Amino acid sequence: MKIKSLALAAVIATAMSAPTMAADWFIGGGVGAQQNTYKGSYTSAIENPIEPGQGSMAAKETENNEFYELRVGAYLNDSNRVYGTYSYNSDDASRQQSFMISYDYLVALGDSNKLNWFIGATAGVNHFSADADELSSKDRFVWGGQTGFMYKINDKFSTELGYRYLKQDYEVSAANDNVGSGSISLQDSQQLYLSVDYRF
């Protein structure tokens, strides 16, 4: 919990400084591939008469689908930027809508300053809507980081290719005396994306 609090506090503090320091505001959107990792377990209330003790099982599964994002933010200077992002992802098990605040540090690659490597941190809220009727929708804390390359096409437009890792915090469990008990959790999400931004 301490790591989550520190990550959220750092990202929010940086984002709140944007209005007083901002040099260039931007708005943009992107599309990419998202991989969600789920873990589940099940324990039967009825013991297997043929193989005693075999009433429990666990599984790990990944789902791969596209995701979409919209974002708005500001370049504080040539090396720092902050932005807020809304993203949407749907797979066979769930639908996710995320609202995140991010900070990136940029390193120019070359004298022209057109190509930059960036690395940063992200924190926010993920709304998880499970497709199974017995699992309710939840709002959960999400945090992680991103890295990639940003290319400045001209004074107004830039594009970037990035990778983002998000640690998820969704888990639900259920029990029935006649059937058994089980749980499922969304462990993490990984995103590979391409985006275009417009500066104004």
# chains A, B, ... in the order shown; residues from 1 in each chain; ligands from 1
call {"tool": "closest_atom_pairs", "arguments": {"of": "range 85-142 of chain A", "to": "range 155-169 of chain A", "cutoff": "8 Å", "atoms": "only C-alpha atoms", "output": "JSON lines"}}
result
{"residue": "A:Arg140", "atom": "CA", "partner": "A:Asp169", "partner_atom": "CA", "distance": 5.8}
{"residue": "A:Phe141", "atom": "CA", "partner": "A:Asp169", "partner_atom": "CA", "distance": 6.1}
{"residue": "A:Val142", "atom": "CA", "partner": "A:Gln168", "partner_atom": "CA", "distance": 5.1}
call {"tool": "write_last_selection", "arguments": {"atoms": "all heavy atoms", "output": "PDB file, in the first residue's frame"}}
result
ATOM      1  N   ARG A 140     -11.094   0.326  -9.137  1.00  0.00           N
ATOM      2  CA  ARG A 140      -9.892  -0.075  -8.416  1.00  0.00           C
ATOM      3  C   ARG A 140      -8.715   0.816  -8.793  1.00  0.00           C
ATOM      4  O   ARG A 140      -8.625   1.335  -9.898  1.00  0.00           O
ATOM      5  CB  ARG A 140      -9.544  -1.534  -8.730  1.00  0.00           C
ATOM      6  CG  ARG A 140     -10.497  -2.555  -8.103  1.00  0.00           C
ATOM      7  CD  ARG A 140     -10.342  -2.578  -6.593  1.00  0.00           C
ATOM      8  NE  ARG A 140     -11.132  -3.634  -5.982  1.00  0.00           N
ATOM      9  CZ  ARG A 140     -12.302  -3.435  -5.392  1.00  0.00           C
ATOM     10  NH1 ARG A 140     -12.829  -2.216  -5.388  1.00  0.00           N
ATOM     11  NH2 ARG A 140     -12.953  -4.438  -4.820  1.00  0.00           N
ATOM     12  N   PHE A 141      -7.785   0.946  -7.859  1.00  0.00           N
ATOM     13  CA  PHE A 141      -6.558   1.708  -8.070  1.00  0.00           C
ATOM     14  C   PHE A 141      -5.653   0.966  -9.053  1.00  0.00           C
ATOM     15  O   PHE A 141      -5.558  -0.263  -9.012  1.00  0.00           O
ATOM     16  CB  PHE A 141      -5.846   1.902  -6.737  1.00  0.00           C
ATOM     17  CG  PHE A 141      -4.576   2.698  -6.822  1.00  0.00           C
ATOM     18  CD1 PHE A 141      -4.609   4.064  -7.036  1.00  0.00           C
ATOM     19  CD2 PHE A 141      -3.345   2.081  -6.698  1.00  0.00           C
ATOM     20  CE1 PHE A 141      -3.438   4.802  -7.110  1.00  0.00           C
ATOM     21  CE2 PHE A 141      -2.167   2.810  -6.776  1.00  0.00           C
ATOM     22  CZ  PHE A 141      -2.221   4.170  -6.983  1.00  0.00           C
ATOM     23  N   VAL A 142      -5.016   1.699  -9.950  1.00  0.00           N
ATOM     24  CA  VAL A 142      -4.079   1.107 -10.903  1.00  0.00           C
ATOM     25  C   VAL A 142      -2.842   1.999 -10.959  1.00  0.00           C
ATOM     26  O   VAL A 142      -2.939   3.223 -10.848  1.00  0.00           O
ATOM     27  CB  VAL A 142      -4.738   0.957 -12.300  1.00  0.00           C
ATOM     28  CG1 VAL A 142      -5.167   2.298 -12.858  1.00  0.00           C
ATOM     29  CG2 VAL A 142      -3.808   0.258 -13.277  1.00  0.00           C
TER      30      VAL A 142
END
call {"tool": "select_by_dssp", "arguments": {"residues": "range 75-146 of chain A", "states": "strand (DSSP E or B)", "output": "tab-separated table (two decimals) with N, CA and C atoms, in the first residue's frame"}}
result
chain	number	residue	atom	x	y	z
A	75	TYR	N	3.52	19.97	-21.97
A	75	TYR	CA	4.97	19.89	-21.88
A	75	TYR	C	5.42	21.03	-20.98
A	80	ASN	N	10.17	17.51	-19.57
A	80	ASN	CA	9.13	17.05	-18.66
A	80	ASN	C	7.74	17.28	-19.23
A	81	ARG	N	6.86	16.30	-19.05
A	81	ARG	CA	5.47	16.46	-19.46
A	81	ARG	C	4.54	15.72	-18.50
A	82	VAL	N	3.32	16.22	-18.38
A	82	VAL	CA	2.28	15.58	-17.59
A	82	VAL	C	1.02	15.50	-18.43
A	83	TYR	N	0.19	14.47	-18.20
A	83	TYR	CA	-1.02	14.32	-19.00
A	83	TYR	C	-2.01	13.39	-18.31
A	84	GLY	N	-3.28	13.59	-18.64
A	84	GLY	CA	-4.34	12.71	-18.18
A	84	GLY	C	-4.83	11.87	-19.35
A	85	THR	N	-5.16	10.60	-19.08
A	85	THR	CA	-5.55	9.67	-20.14
A	85	THR	C	-6.83	8.92	-19.78
A	86	TYR	N	-7.71	8.80	-20.77
A	86	TYR	CA	-8.85	7.89	-20.67
A	86	TYR	C	-8.61	6.77	-21.66
A	87	SER	N	-8.72	5.51	-21.22
A	87	SER	CA	-8.53	4.38	-22.14
A	87	SER	C	-9.65	3.37	-21.96
A	88	TYR	N	-9.91	2.63	-23.04
A	88	TYR	CA	-10.97	1.62	-23.05
A	88	TYR	C	-10.42	0.33	-23.63
A	89	ASN	N	-10.73	-0.79	-22.95
A	89	ASN	CA	-10.30	-2.11	-23.41
A	89	ASN	C	-11.40	-3.11	-23.13
A	90	SER	N	-11.61	-4.05	-24.05
A	90	SER	CA	-12.61	-5.10	-23.87
A	90	SER	C	-12.01	-6.44	-24.29
A	94	SER	N	-13.99	-9.23	-19.62
A	94	SER	CA	-14.34	-7.95	-18.99
A	94	SER	C	-14.26	-6.79	-19.97
A	95	ARG	N	-14.72	-5.65	-19.48
A	95	ARG	CA	-14.51	-4.36	-20.11
A	95	ARG	C	-13.85	-3.45	-19.09
A	96	GLN	N	-12.86	-2.68	-19.54
A	96	GLN	CA	-12.14	-1.80	-18.62
A	96	GLN	C	-12.15	-0.37	-19.16
A	97	GLN	N	-12.38	0.58	-18.25
A	97	GLN	CA	-12.23	1.99	-18.55
A	97	GLN	C	-11.31	2.58	-17.49
A	98	SER	N	-10.22	3.18	-17.95
A	98	SER	CA	-9.21	3.70	-17.03
A	98	SER	C	-9.09	5.22	-17.15
A	99	PHE	N	-8.94	5.88	-16.00
A	99	PHE	CA	-8.67	7.31	-15.93
A	99	PHE	C	-7.36	7.47	-15.17
A	100	MET	N	-6.31	7.93	-15.88
A	100	MET	CA	-4.97	7.94	-15.28
A	100	MET	C	-4.28	9.29	-15.46
A	101	ILE	N	-3.38	9.58	-14.53
A	101	ILE	CA	-2.51	10.74	-14.60
A	101	ILE	C	-1.08	10.23	-14.75
A	102	SER	N	-0.33	10.82	-15.69
A	102	SER	CA	1.02	10.32	-15.97
A	102	SER	C	2.03	11.45	-16.00
A	103	TYR	N	3.27	11.09	-15.71
A	103	TYR	CA	4.42	11.99	-15.83
A	103	TYR	C	5.50	11.28	-16.63
A	104	ASP	N	6.14	11.99	-17.57
A	104	ASP	CA	7.24	11.44	-18.35
A	104	ASP	C	8.44	12.36	-18.31
A	105	TYR	N	9.61	11.76	-18.26
A	105	TYR	CA	10.87	12.49	-18.43
A	105	TYR	C	11.40	12.14	-19.82
A	106	LEU	N	11.75	13.17	-20.61
A	106	LEU	CA	12.18	12.97	-21.99
A	106	LEU	C	13.67	13.25	-22.15
A	107	VAL	N	14.32	12.41	-22.94
A	107	VAL	CA	15.74	12.56	-23.24
A	107	VAL	C	15.89	12.71	-24.75
A	108	ALA	N	16.44	13.85	-25.19
A	108	ALA	CA	16.62	14.08	-26.63
A	108	ALA	C	17.69	13.17	-27.19
A	115	LEU	N	13.68	13.48	-32.07
A	115	LEU	CA	13.47	12.15	-31.52
A	115	LEU	C	13.83	12.14	-30.04
A	116	ASN	N	12.88	11.68	-29.20
A	116	ASN	CA	13.10	11.64	-27.76
A	116	ASN	C	12.75	10.26	-27.21
A	117	TRP	N	13.54	9.80	-26.26
A	117	TRP	CA	13.20	8.63	-25.47
A	117	TRP	C	12.52	9.13	-24.20
A	118	PHE	N	11.43	8.47	-23.78
A	118	PHE	CA	10.76	8.90	-22.56
A	118	PHE	C	10.57	7.73	-21.61
A	119	ILE	N	10.51	8.06	-20.32
A	119	ILE	CA	10.23	7.09	-19.27
A	119	ILE	C	9.45	7.81	-18.19
A	120	GLY	N	8.44	7.13	-17.61
A	120	GLY	CA	7.62	7.82	-16.64
A	120	GLY	C	6.78	6.91	-15.78
A	121	ALA	N	5.92	7.53	-14.96
A	121	ALA	CA	5.06	6.83	-14.02
A	121	ALA	C	3.61	7.19	-14.26
A	122	THR	N	2.70	6.27	-13.91
A	122	THR	CA	1.27	6.45	-14.11
A	122	THR	C	0.51	5.95	-12.88
A	123	ALA	N	-0.57	6.65	-12.51
A	123	ALA	CA	-1.45	6.20	-11.43
A	123	ALA	C	-2.86	6.68	-11.73
A	124	GLY	N	-3.86	5.90	-11.30
A	124	GLY	CA	-5.23	6.31	-11.53
A	124	GLY	C	-6.25	5.29	-11.08
A	125	VAL	N	-7.41	5.31	-11.74
A	125	VAL	CA	-8.53	4.45	-11.37
A	125	VAL	C	-8.95	3.63	-12.59
A	126	ASN	N	-9.19	2.33	-12.37
A	126	ASN	CA	-9.67	1.45	-13.42
A	126	ASN	C	-11.07	0.95	-13.06
A	127	HIS	N	-12.04	1.17	-13.97
A	127	HIS	CA	-13.39	0.66	-13.76
A	127	HIS	C	-13.50	-0.67	-14.49
A	128	PHE	N	-13.63	-1.74	-13.72
A	128	PHE	CA	-13.65	-3.12	-14.23
A	128	PHE	C	-15.08	-3.61	-14.27
A	129	SER	N	-15.58	-3.95	-15.46
A	129	SER	CA	-16.93	-4.49	-15.63
A	129	SER	C	-16.81	-5.93	-16.12
A	130	ALA	N	-17.10	-6.87	-15.24
A	130	ALA	CA	-16.99	-8.29	-15.60
A	130	ALA	C	-18.17	-8.70	-16.47
A	138	LYS	N	-16.39	-2.92	-10.54
A	138	LYS	CA	-15.61	-2.35	-9.45
A	138	LYS	C	-14.72	-1.22	-9.98
A	139	ASP	N	-14.46	-0.23	-9.12
A	139	ASP	CA	-13.46	0.79	-9.37
A	139	ASP	C	-12.25	0.45	-8.51
A	140	ARG	N	-11.09	0.33	-9.14
A	140	ARG	CA	-9.89	-0.08	-8.42
A	140	ARG	C	-8.72	0.82	-8.79
A	141	PHE	N	-7.79	0.95	-7.86
A	141	PHE	CA	-6.56	1.71	-8.07
A	141	PHE	C	-5.65	0.97	-9.05
A	142	VAL	N	-5.02	1.70	-9.95
A	142	VAL	CA	-4.08	1.11	-10.90
A	142	VAL	C	-2.84	2.00	-10.96
A	143	TRP	N	-1.66	1.39	-11.08
A	143	TRP	CA	-0.43	2.17	-11.14
A	143	TRP	C	0.63	1.40	-11.94
A	144	GLY	N	1.60	2.13	-12.43
A	144	GLY	CA	2.65	1.50	-13.22
A	144	GLY	C	3.57	2.51	-13.86
A	145	GLY	N	4.09	2.14	-15.02
A	145	GLY	CA	5.04	3.01	-15.70
A	145	GLY	C	5.03	2.77	-17.20
A	146	GLN	N	5.68	3.67	-17.92
A	146	GLN	CA	5.72	3.57	-19.37
A	146	GLN	C	7.08	4.06	-19.91
call {"tool": "atom_distance", "arguments": {"atom1": "CA of Tyr193 in chain A", "atom2": "CA of Ala93 in chain A"}}
result
21.4 Å
call {"tool": "residues_around", "arguments": {"residues": "Gly30 in chain A", "least_positions_apart": "4", "cutoff": "8 Å", "atoms": "only C-alpha atoms", "output": "MDAnalysis selection string"}}
result
chainID A and resid 68:70 193:196
call {"tool": "closest_residue", "arguments": {"among": "A:Asp131, A:Asp24, A:Asp92, A:Glu61", "to": "Ser41 in chain A", "atoms": "only C-alpha atoms"}}
result
A:Glu61
call {"tool": "atom_distance", "arguments": {"atom1": "CA of Ala74 in chain A", "atom2": "CA of Asp188 in chain A"}}
result
27.5 Å
call {"tool": "closest_residue", "arguments": {"among": "A:Glu63, A:Glu171, A:Asp111, A:Asp197", "to": "Ile153 in chain A", "atoms": "only C-alpha atoms"}}
result
A:Asp197
call {"tool": "atom_distance", "arguments": {"atom1": "CA of Phe200 in chain A", "atom2": "CA of Asn113 in chain A"}}
result
18.3 Å
